[in-house]
file data28.cif (mmCIF, C-alpha atoms and all ligand atoms)
data_start
loop_
_atom_site.label_atom_id
_atom_site.label_comp_id
_atom_site.auth_asym_id
_atom_site.auth_seq_id
_atom_site.Cartn_x
_atom_site.Cartn_y
_atom_site.Cartn_z
CA MET A 24 -25.53 -25.59 -9.99
CA ILE A 25 -24.94 -22.02 -8.85
CA THR A 26 -23.75 -19.57 -11.52
CA VAL A 27 -21.80 -16.48 -10.48
CA HIS A 28 -21.88 -13.59 -12.94
CA HIS A 29 -18.41 -12.29 -12.24
CA LEU A 30 -16.96 -8.98 -13.35
CA ASN A 31 -13.18 -8.60 -13.31
CA ASN A 32 -11.77 -6.55 -10.42
CA SER A 33 -15.02 -6.41 -8.55
CA ARG A 34 -17.06 -7.23 -5.51
CA SER A 35 -18.05 -10.56 -7.02
CA GLN A 36 -14.63 -11.85 -5.97
CA ARG A 37 -16.17 -12.04 -2.49
CA ILE A 38 -18.87 -14.42 -3.69
CA LEU A 39 -16.34 -16.76 -5.29
CA TRP A 40 -14.46 -16.75 -2.00
CA LEU A 41 -17.63 -17.50 -0.03
CA LEU A 42 -18.47 -20.42 -2.32
CA GLU A 43 -14.95 -21.75 -1.89
CA GLU A 44 -15.25 -21.47 1.91
CA LEU A 45 -18.55 -23.35 1.72
CA GLY A 46 -17.08 -25.98 -0.60
CA LEU A 47 -20.03 -25.66 -2.98
CA PRO A 48 -19.80 -26.45 -6.69
CA TYR A 49 -20.35 -23.39 -8.89
CA GLU A 50 -19.68 -22.09 -12.36
CA ILE A 51 -18.46 -18.64 -13.32
CA ARG A 52 -19.62 -16.48 -16.21
CA LYS A 53 -16.98 -13.84 -16.70
CA TYR A 54 -17.54 -10.26 -17.85
CA GLN A 55 -14.89 -7.60 -18.53
CA ARG A 56 -15.20 -3.97 -17.56
CA ASP A 57 -14.96 -1.35 -20.30
CA PRO A 58 -11.34 -0.21 -19.88
CA LYS A 59 -12.27 3.47 -20.28
CA THR A 60 -15.50 3.80 -18.31
CA MET A 61 -14.89 0.81 -16.00
CA LEU A 62 -18.58 -0.04 -16.42
CA ALA A 63 -19.85 -3.60 -16.83
CA PRO A 64 -20.80 -4.73 -20.34
CA PRO A 65 -24.50 -4.45 -21.30
CA GLU A 66 -24.93 -8.28 -21.36
CA LEU A 67 -25.04 -8.22 -17.59
CA ARG A 68 -28.37 -6.36 -17.77
CA ALA A 69 -29.92 -9.48 -19.25
CA VAL A 70 -29.32 -11.18 -15.91
CA HIS A 71 -30.44 -8.29 -13.67
CA PRO A 72 -31.77 -4.88 -14.76
CA LEU A 73 -29.03 -2.93 -12.94
CA GLY A 74 -26.31 -4.83 -14.83
CA LYS A 75 -23.96 -4.89 -11.82
CA SER A 76 -21.87 -7.65 -10.38
CA PRO A 77 -22.18 -9.80 -8.37
CA VAL A 78 -25.34 -11.55 -9.42
CA ILE A 79 -25.91 -15.24 -8.92
CA GLN A 80 -28.38 -17.72 -10.38
CA ASP A 81 -29.40 -20.77 -8.42
CA GLY A 82 -31.93 -22.67 -10.53
CA ASP A 83 -34.69 -20.15 -11.26
CA THR A 84 -33.60 -17.84 -8.46
CA VAL A 85 -31.60 -14.73 -9.31
CA VAL A 86 -29.98 -12.84 -6.43
CA ALA A 87 -28.14 -9.52 -6.73
CA GLU A 88 -26.42 -7.31 -4.13
CA SER A 89 -23.45 -8.82 -2.29
CA GLY A 90 -25.01 -8.72 1.18
CA ALA A 91 -28.22 -10.36 -0.05
CA ILE A 92 -26.25 -13.02 -1.94
CA ILE A 93 -24.16 -13.80 1.14
CA ASP A 94 -27.28 -13.96 3.30
CA TYR A 95 -28.96 -16.27 0.77
CA LEU A 96 -25.99 -18.63 0.35
CA VAL A 97 -25.10 -18.80 4.03
CA GLY A 98 -28.77 -19.29 4.99
CA LYS A 99 -29.19 -22.10 2.49
CA HIS A 100 -25.84 -23.84 2.75
CA GLY A 101 -23.63 -22.63 5.57
CA ALA A 102 -25.41 -21.10 8.55
CA ALA A 103 -23.58 -23.27 11.07
CA ALA A 104 -20.16 -22.78 9.51
CA LEU A 105 -20.13 -19.11 8.58
CA ALA A 106 -22.75 -17.28 10.68
CA PRO A 107 -22.97 -16.97 14.47
CA ALA A 108 -26.06 -18.41 16.16
CA PRO A 109 -29.16 -16.18 16.07
CA GLY A 110 -29.81 -14.23 19.24
CA THR A 111 -26.16 -13.96 20.27
CA PRO A 112 -24.11 -10.72 20.47
CA GLU A 113 -21.90 -12.18 17.71
CA ARG A 114 -24.94 -12.45 15.45
CA LEU A 115 -25.69 -8.78 15.91
CA HIS A 116 -22.10 -7.86 14.96
CA TYR A 117 -22.46 -10.18 11.98
CA THR A 118 -25.66 -8.53 10.76
CA TYR A 119 -24.21 -5.07 11.37
CA PHE A 120 -21.06 -5.69 9.31
CA LEU A 121 -22.96 -7.46 6.55
CA HIS A 122 -24.89 -4.20 6.02
CA TYR A 123 -22.21 -1.72 7.06
CA ALA A 124 -19.72 -2.82 4.37
CA GLU A 125 -21.83 -1.57 1.45
CA GLY A 126 -24.10 0.87 3.28
CA SER A 127 -21.49 2.90 5.17
CA ALA A 128 -17.91 1.90 4.36
CA MET A 129 -18.10 1.87 0.56
CA PRO A 130 -19.68 5.31 -0.16
CA PRO A 131 -16.67 7.44 0.89
CA LEU A 132 -14.31 5.02 -0.90
CA LEU A 133 -16.39 5.35 -4.04
CA LEU A 134 -16.32 9.15 -3.71
CA LYS A 135 -12.54 8.96 -3.45
CA LEU A 136 -12.41 6.98 -6.69
CA VAL A 137 -14.73 9.42 -8.47
CA PHE A 138 -12.87 12.54 -7.32
CA ASP A 139 -9.49 10.99 -8.14
CA ARG A 140 -10.83 10.48 -11.66
CA VAL A 141 -12.21 14.02 -11.87
CA ALA A 142 -8.77 15.35 -10.98
CA SER A 143 -6.98 13.25 -13.60
CA SER A 144 -9.50 13.09 -16.45
CA PRO A 145 -8.83 14.94 -19.71
CA ALA A 146 -10.42 18.39 -19.90
CA PRO A 147 -9.75 21.66 -21.75
CA PHE A 148 -6.59 23.27 -20.31
CA PHE A 149 -8.47 26.18 -18.72
CA VAL A 150 -10.91 23.83 -16.92
CA ARG A 151 -8.29 21.36 -15.68
CA PRO A 152 -6.87 23.40 -12.75
CA ILE A 153 -10.37 24.34 -11.58
CA ALA A 154 -11.61 20.72 -11.74
CA ARG A 155 -8.49 19.56 -9.89
CA ALA A 156 -8.86 22.26 -7.21
CA ILE A 157 -12.52 21.35 -6.57
CA ALA A 158 -11.72 17.62 -6.46
CA ASP A 159 -8.80 18.21 -4.06
CA LYS A 160 -10.94 20.36 -1.80
CA VAL A 161 -13.78 17.80 -1.61
CA LYS A 162 -11.28 15.03 -0.92
CA SER A 163 -9.37 16.88 1.78
CA THR A 164 -12.36 18.40 3.58
CA PHE A 165 -14.89 15.58 3.29
CA VAL A 166 -13.81 12.32 1.71
CA GLN A 167 -10.49 11.57 3.43
CA PRO A 168 -11.71 12.58 6.91
CA GLN A 169 -14.70 10.26 6.43
CA ILE A 170 -12.47 7.39 5.35
CA ARG A 171 -10.13 7.99 8.30
CA GLN A 172 -13.09 7.96 10.68
CA HIS A 173 -14.24 4.59 9.32
CA LEU A 174 -10.74 3.10 9.44
CA ALA A 175 -10.26 4.24 13.04
CA PHE A 176 -13.61 2.70 13.97
CA LEU A 177 -12.78 -0.60 12.27
CA GLU A 178 -9.29 -0.69 13.78
CA GLY A 179 -10.96 -0.37 17.19
CA GLU A 180 -13.49 -3.11 16.43
CA LEU A 181 -10.73 -5.55 15.53
CA GLY A 182 -8.98 -4.59 18.78
CA LYS A 183 -11.95 -6.06 20.67
CA ARG A 184 -12.44 -9.30 18.72
CA THR A 185 -10.40 -11.53 16.41
CA TRP A 186 -12.85 -11.22 13.52
CA PHE A 187 -15.64 -8.76 12.74
CA ALA A 188 -18.43 -10.82 14.29
CA GLY A 189 -16.53 -12.45 17.12
CA ASP A 190 -13.67 -14.86 17.70
CA ALA A 191 -14.70 -17.10 14.80
CA PHE A 192 -14.30 -16.29 11.12
CA SER A 193 -17.67 -15.60 9.46
CA ALA A 194 -19.21 -14.42 6.22
CA ALA A 195 -19.16 -10.87 7.67
CA ASP A 196 -15.36 -11.00 7.23
CA ILE A 197 -15.86 -11.91 3.59
CA GLN A 198 -18.24 -8.98 3.14
CA MET A 199 -15.81 -6.61 4.90
CA SER A 200 -12.87 -7.68 2.72
CA PHE A 201 -13.82 -5.47 -0.23
CA PRO A 202 -13.99 -2.08 1.54
CA LEU A 203 -10.76 -2.89 3.35
CA GLU A 204 -9.01 -3.96 0.17
CA ALA A 205 -10.30 -0.79 -1.52
CA ALA A 206 -9.06 1.28 1.43
CA ALA A 207 -5.65 -0.36 1.21
CA ALA A 208 -5.53 0.38 -2.54
CA ARG A 209 -6.75 3.99 -2.44
CA GLY A 210 -7.97 5.09 0.99
CA GLY A 211 -4.86 5.29 3.16
CA LEU A 212 -5.15 1.96 4.96
CA ASP A 213 -1.55 1.31 5.93
CA LYS A 214 0.52 0.33 8.96
CA GLN A 215 -1.08 3.05 11.10
CA TYR A 216 -3.92 0.51 11.30
CA PRO A 217 -2.13 -2.68 12.41
CA ASN A 218 -5.31 -4.65 13.20
CA LEU A 219 -6.69 -3.97 9.73
CA VAL A 220 -3.41 -4.83 8.02
CA ALA A 221 -3.28 -8.07 10.04
CA PHE A 222 -6.89 -8.83 9.00
CA LEU A 223 -5.99 -8.42 5.32
CA ASP A 224 -2.90 -10.60 5.72
CA LYS A 225 -4.96 -13.32 7.43
CA ILE A 226 -7.72 -13.40 4.84
CA HIS A 227 -5.26 -13.37 1.96
CA ALA A 228 -3.58 -16.45 3.42
CA ARG A 229 -6.80 -18.50 3.56
CA PRO A 230 -6.71 -21.38 1.07
CA ALA A 231 -10.31 -20.67 -0.03
CA TYR A 232 -9.40 -17.05 -0.74
CA ARG A 233 -6.44 -18.16 -2.89
CA ARG A 234 -8.57 -20.69 -4.78
CA ALA A 235 -11.18 -18.02 -5.50
CA LEU A 236 -8.46 -15.72 -6.86
CA GLU A 237 -7.25 -18.46 -9.18
CA ARG A 238 -10.74 -19.13 -10.48
CA GLY A 239 -11.83 -15.48 -10.71
CA GLY A 240 -8.85 -14.18 -12.63
CA GLN A 241 -7.86 -10.53 -12.66
CA TYR A 242 -8.31 -8.87 -9.25
CA ASP A 243 -5.88 -6.00 -8.90
CA PHE A 244 -6.40 -5.43 -5.20
CA VAL A 245 -4.34 -8.55 -4.44
CA LYS A 246 -1.47 -9.84 -6.58
N1 LIG A 301 -23.78 -2.68 -3.50
C1 LIG A 301 -23.66 -3.52 -4.66
C2 LIG A 301 -22.71 -2.83 -5.64
C3 LIG A 301 -22.61 -3.53 -6.98
C4 LIG A 301 -21.62 -2.80 -7.87
O1 LIG A 301 -21.61 -1.57 -7.99
N2 LIG A 301 -20.78 -3.60 -8.54
C5 LIG A 301 -19.75 -3.01 -9.38
C6 LIG A 301 -18.54 -3.89 -9.35
S1 LIG A 301 -17.61 -3.78 -7.90
C7 LIG A 301 -20.21 -2.99 -10.82
O2 LIG A 301 -20.93 -3.86 -11.25
N3 LIG A 301 -19.73 -1.99 -11.57
C8 LIG A 301 -19.91 -1.89 -12.96
C9 LIG A 301 -21.03 -0.99 -13.36
O3 LIG A 301 -21.57 -0.26 -12.52
O4 LIG A 301 -21.36 -0.97 -14.56
C10 LIG A 301 -23.16 -4.91 -4.23
O5 LIG A 301 -22.51 -5.00 -3.21
O6 LIG A 301 -23.45 -5.89 -4.92
#

call {"tool": "encode", "arguments": {"input": "data28.cif", "output": "structure tokens"}}
result
Amino acid sequence: MITVHHLNNSRSQRILWLLEELGLPYEIRKYQRDPKTMLAPPELRAVHPLGKSPVIQDGDTVVAESGAIIDYLVGKHGAAALAPAPGTPERLHYTYFLHYAEGSAMPPLLLKLVFDRVASSPAPFFVRPIARAIADKVKSTFVQPQIRQHLAFLEGELGKRTWFAGDAFSAADIQMSFPLEAAAARGGLDKQYPNLVAFLDKIHARPAYRRALERGGQYDFVK
């Protein structure tokens, strides 16, 4: 039995969704973020030294890092259903987006989160305006332009194909869901990007996605 170490409001929602798409049995061990720091509880470090989610256990095998988990699960249980055939152009798109989601799309979105927090976190009154001014400057000159560049790129990609890898849904779409949901929540993804909005609507309507939400519990990106 596969165990998913699942943190509320986190990337591990993608793994639950993947397992639902694959129709595999799995169990969930739930962890709650510290409401102040948003960090995972220390128990998660007993499973993997970084203490981040997702992590899965499959017998004696422990796999961390969303892309690696997806690669492992699809390779073992769902290559035909959720990955394009090796050697095809679709497979190259698939591999690209499996890496791109965490390697390129998430960093500016994470910076946005961090600088939003800097601007709103408690500080002595004389520091507050300075902290806010620096955060605003970094966001307007670096972070938001980067996010816009990524969204424009992705909007264009989904103008060429139905899904990220090709005309069939794949695990690359599952991996891409989190940066796009994060961008919709805090990065300016709105109706200026109709292909991306349509992508989010389509994935949110998938029965496996809905089942994963029910099993995973709190996930504030989607009500
Ligand atoms: N690139 C990693 C990121 C893992 C990660 O940062 N997970 C977040 C949840 S979305 C986490 O565990 N945060 C809590 C913490 O850092 O303590 C992946 O995709 O698995």

call {"tool": "residues_around", "arguments": {"input": "data28.cif", "residues": "segment 99-104 of chain A", "least_positions_apart": "3", "cutoff": "10 Å", "atoms": "all atoms listed in the file", "output": "list in words"}}
result
Leu41, Leu42, Glu44, Leu45, Gly46, Leu47, Ile93, Asp94, Tyr95, Leu96, Pro107, Ala108, Pro109, Ala191, Phe192, Ser193 and Ala194 of chain A

call {"tool": "residues_near_ligand", "arguments": {"input": "data28.cif", "ligand": "ligand LIG 301 (chain A)", "cutoff": "8 Å", "atoms": "only C-alpha atoms and all ligand atoms", "output": "ChimeraX atom specification"}}
result
/A:30,32-35,56,61-64,73-78,87-90,125-126

call {"tool": "residues_around", "arguments": {"input": "data28.cif", "residues": "segment 239-245 of chain A", "least_positions_apart": "3", "cutoff": "7 Å", "atoms": "only C-alpha atoms", "output": "list in words"}}
result
Asn31, Asn32, Gln36, Glu204, Ala208, Ala235 and Leu236 of chain A

call {"tool": "closest_residue", "arguments": {"input": "data28.cif", "among": "A:Gln80, A:Ala206, A:Ala158, A:Ser144", "to": "Leu132 of chain A", "atoms": "only C-alpha atoms"}}
result
A:Ala206

call {"tool": "closest_residue", "arguments": {"input": "data28.cif", "among": "A:Ile79, A:Leu219, A:Val150, A:Met129", "to": "Ile25 of chain A", "atoms": "only C-alpha atoms"}}
result
A:Ile79

call {"tool": "closest_residue", "arguments": {"input": "data28.cif", "among": "A:His173, A:Val70, A:Asp83, A:Trp186", "to": "Gln198 of chain A", "atoms": "all atoms listed in the file"}}
result
A:Trp186

call {"tool": "atom_distance", "arguments": {"input": "data28.cif", "atom1": "atom CA of Pro131 of chain A", "atom2": "atom CA of Lys53 of chain A"}}
result
27.6 Å

call {"tool": "residues_near_point", "arguments": {"input": "data28.cif", "point": "(-10.4, 9.1, -4.1)", "cutoff": "10 Å", "atoms": "only C-alpha atoms", "output": "PyMOL selection string"}}
result
chain A and resi 131-142+158-159+161-163+166-167+170+206+209-211

call {"tool": "atom_distance", "arguments": {"input": "data28.cif", "atom1": "atom CA of Leu203 of chain A", "atom2": "atom CA of Ala231 of chain A"}}
result
18.1 Å

call {"tool": "closest_residue", "arguments": {"input": "data28.cif", "among": "A:Arg151, A:His28, A:His122, A:Lys214", "to": "Pro202 of chain A", "atoms": "all atoms listed in the file"}}
result
A:His122

call {"tool": "decode", "arguments": {"input": "data28.cif", "residues": "segment 209-220 of chain A", "atoms": "all heavy atoms", "output": "compact mmCIF listing (two decimals), in the first residue's frame"}}
result
# COMPACT_ATOMS: atom_id res chain seq x y z
N ARG A 209 -2.42 34.18 -6.26
CA ARG A 209 -1.61 35.33 -5.84
C ARG A 209 -0.71 35.91 -6.91
O ARG A 209 0.08 36.80 -6.64
CB ARG A 209 -0.75 34.95 -4.63
CG ARG A 209 0.22 33.81 -4.87
CD ARG A 209 1.19 33.63 -3.71
NE ARG A 209 2.15 32.59 -4.00
CZ ARG A 209 2.06 31.34 -3.56
NH1 ARG A 209 1.06 30.99 -2.80
NH2 ARG A 209 2.99 30.46 -3.87
N GLY A 210 -0.81 35.42 -8.15
CA GLY A 210 0.16 35.87 -9.15
C GLY A 210 -0.44 36.57 -10.34
O GLY A 210 0.25 36.81 -11.33
N GLY A 211 -1.75 36.90 -10.27
CA GLY A 211 -2.34 37.68 -11.36
C GLY A 211 -2.85 36.84 -12.52
O GLY A 211 -3.11 37.38 -13.59
N LEU A 212 -3.00 35.53 -12.32
CA LEU A 212 -3.61 34.72 -13.39
C LEU A 212 -5.12 34.99 -13.36
O LEU A 212 -5.81 34.60 -12.42
CB LEU A 212 -3.32 33.23 -13.18
CG LEU A 212 -3.58 32.28 -14.35
CD1 LEU A 212 -3.17 30.86 -13.97
CD2 LEU A 212 -4.97 32.28 -14.89
N ASP A 213 -5.59 35.66 -14.38
CA ASP A 213 -7.02 35.97 -14.48
C ASP A 213 -7.46 35.87 -15.93
O ASP A 213 -6.73 35.28 -16.75
CB ASP A 213 -7.33 37.35 -13.86
CG ASP A 213 -6.56 38.46 -14.57
OD1 ASP A 213 -6.08 38.23 -15.71
OD2 ASP A 213 -6.42 39.56 -14.00
N LYS A 214 -8.58 36.50 -16.27
CA LYS A 214 -9.14 36.27 -17.61
C LYS A 214 -8.31 36.85 -18.75
O LYS A 214 -8.59 36.56 -19.92
CB LYS A 214 -10.59 36.74 -17.68
CG LYS A 214 -10.85 38.17 -17.30
CD LYS A 214 -12.36 38.39 -17.36
CE LYS A 214 -12.88 39.74 -16.96
NZ LYS A 214 -12.07 40.77 -16.48
N GLN A 215 -7.25 37.60 -18.44
CA GLN A 215 -6.31 37.98 -19.52
C GLN A 215 -5.64 36.75 -20.12
O GLN A 215 -4.98 36.85 -21.14
CB GLN A 215 -5.13 38.79 -18.99
CG GLN A 215 -5.37 39.98 -18.15
CD GLN A 215 -4.03 40.38 -17.48
OE1 GLN A 215 -3.08 40.76 -18.15
NE2 GLN A 215 -4.00 40.24 -16.16
N TYR A 216 -5.71 35.62 -19.39
CA TYR A 216 -5.05 34.39 -19.84
C TYR A 216 -6.13 33.32 -20.03
O TYR A 216 -6.25 32.38 -19.23
CB TYR A 216 -4.03 33.91 -18.79
CG TYR A 216 -2.99 34.96 -18.45
CD1 TYR A 216 -3.12 35.74 -17.30
CD2 TYR A 216 -1.89 35.18 -19.28
CE1 TYR A 216 -2.17 36.71 -16.98
CE2 TYR A 216 -0.93 36.16 -18.97
CZ TYR A 216 -1.09 36.91 -17.82
OH TYR A 216 -0.15 37.87 -17.52
N PRO A 217 -6.94 33.43 -21.09
CA PRO A 217 -8.11 32.54 -21.21
C PRO A 217 -7.74 31.06 -21.31
O PRO A 217 -8.48 30.21 -20.80
CB PRO A 217 -8.81 33.03 -22.49
CG PRO A 217 -7.83 33.89 -23.20
CD PRO A 217 -6.87 34.42 -22.18
N ASN A 218 -6.62 30.74 -21.96
CA ASN A 218 -6.25 29.32 -22.07
C ASN A 218 -5.91 28.73 -20.70
O ASN A 218 -6.21 27.57 -20.42
CB ASN A 218 -5.06 29.13 -23.00
CG ASN A 218 -5.39 29.50 -24.44
OD1 ASN A 218 -6.54 29.41 -24.85
ND2 ASN A 218 -4.39 29.92 -25.20
N LEU A 219 -5.27 29.55 -19.87
CA LEU A 219 -4.90 29.05 -18.53
C LEU A 219 -6.13 28.93 -17.64
O LEU A 219 -6.26 27.97 -16.86
CB LEU A 219 -3.84 29.97 -17.90
CG LEU A 219 -2.53 30.08 -18.68
CD1 LEU A 219 -1.54 30.99 -17.94
CD2 LEU A 219 -1.89 28.71 -18.90
N VAL A 220 -7.02 29.90 -17.75
CA VAL A 220 -8.27 29.82 -16.96
C VAL A 220 -9.06 28.58 -17.39
O VAL A 220 -9.57 27.83 -16.55
CB VAL A 220 -9.11 31.11 -17.13
CG1 VAL A 220 -10.49 30.95 -16.51
CG2 VAL A 220 -8.38 32.31 -16.52
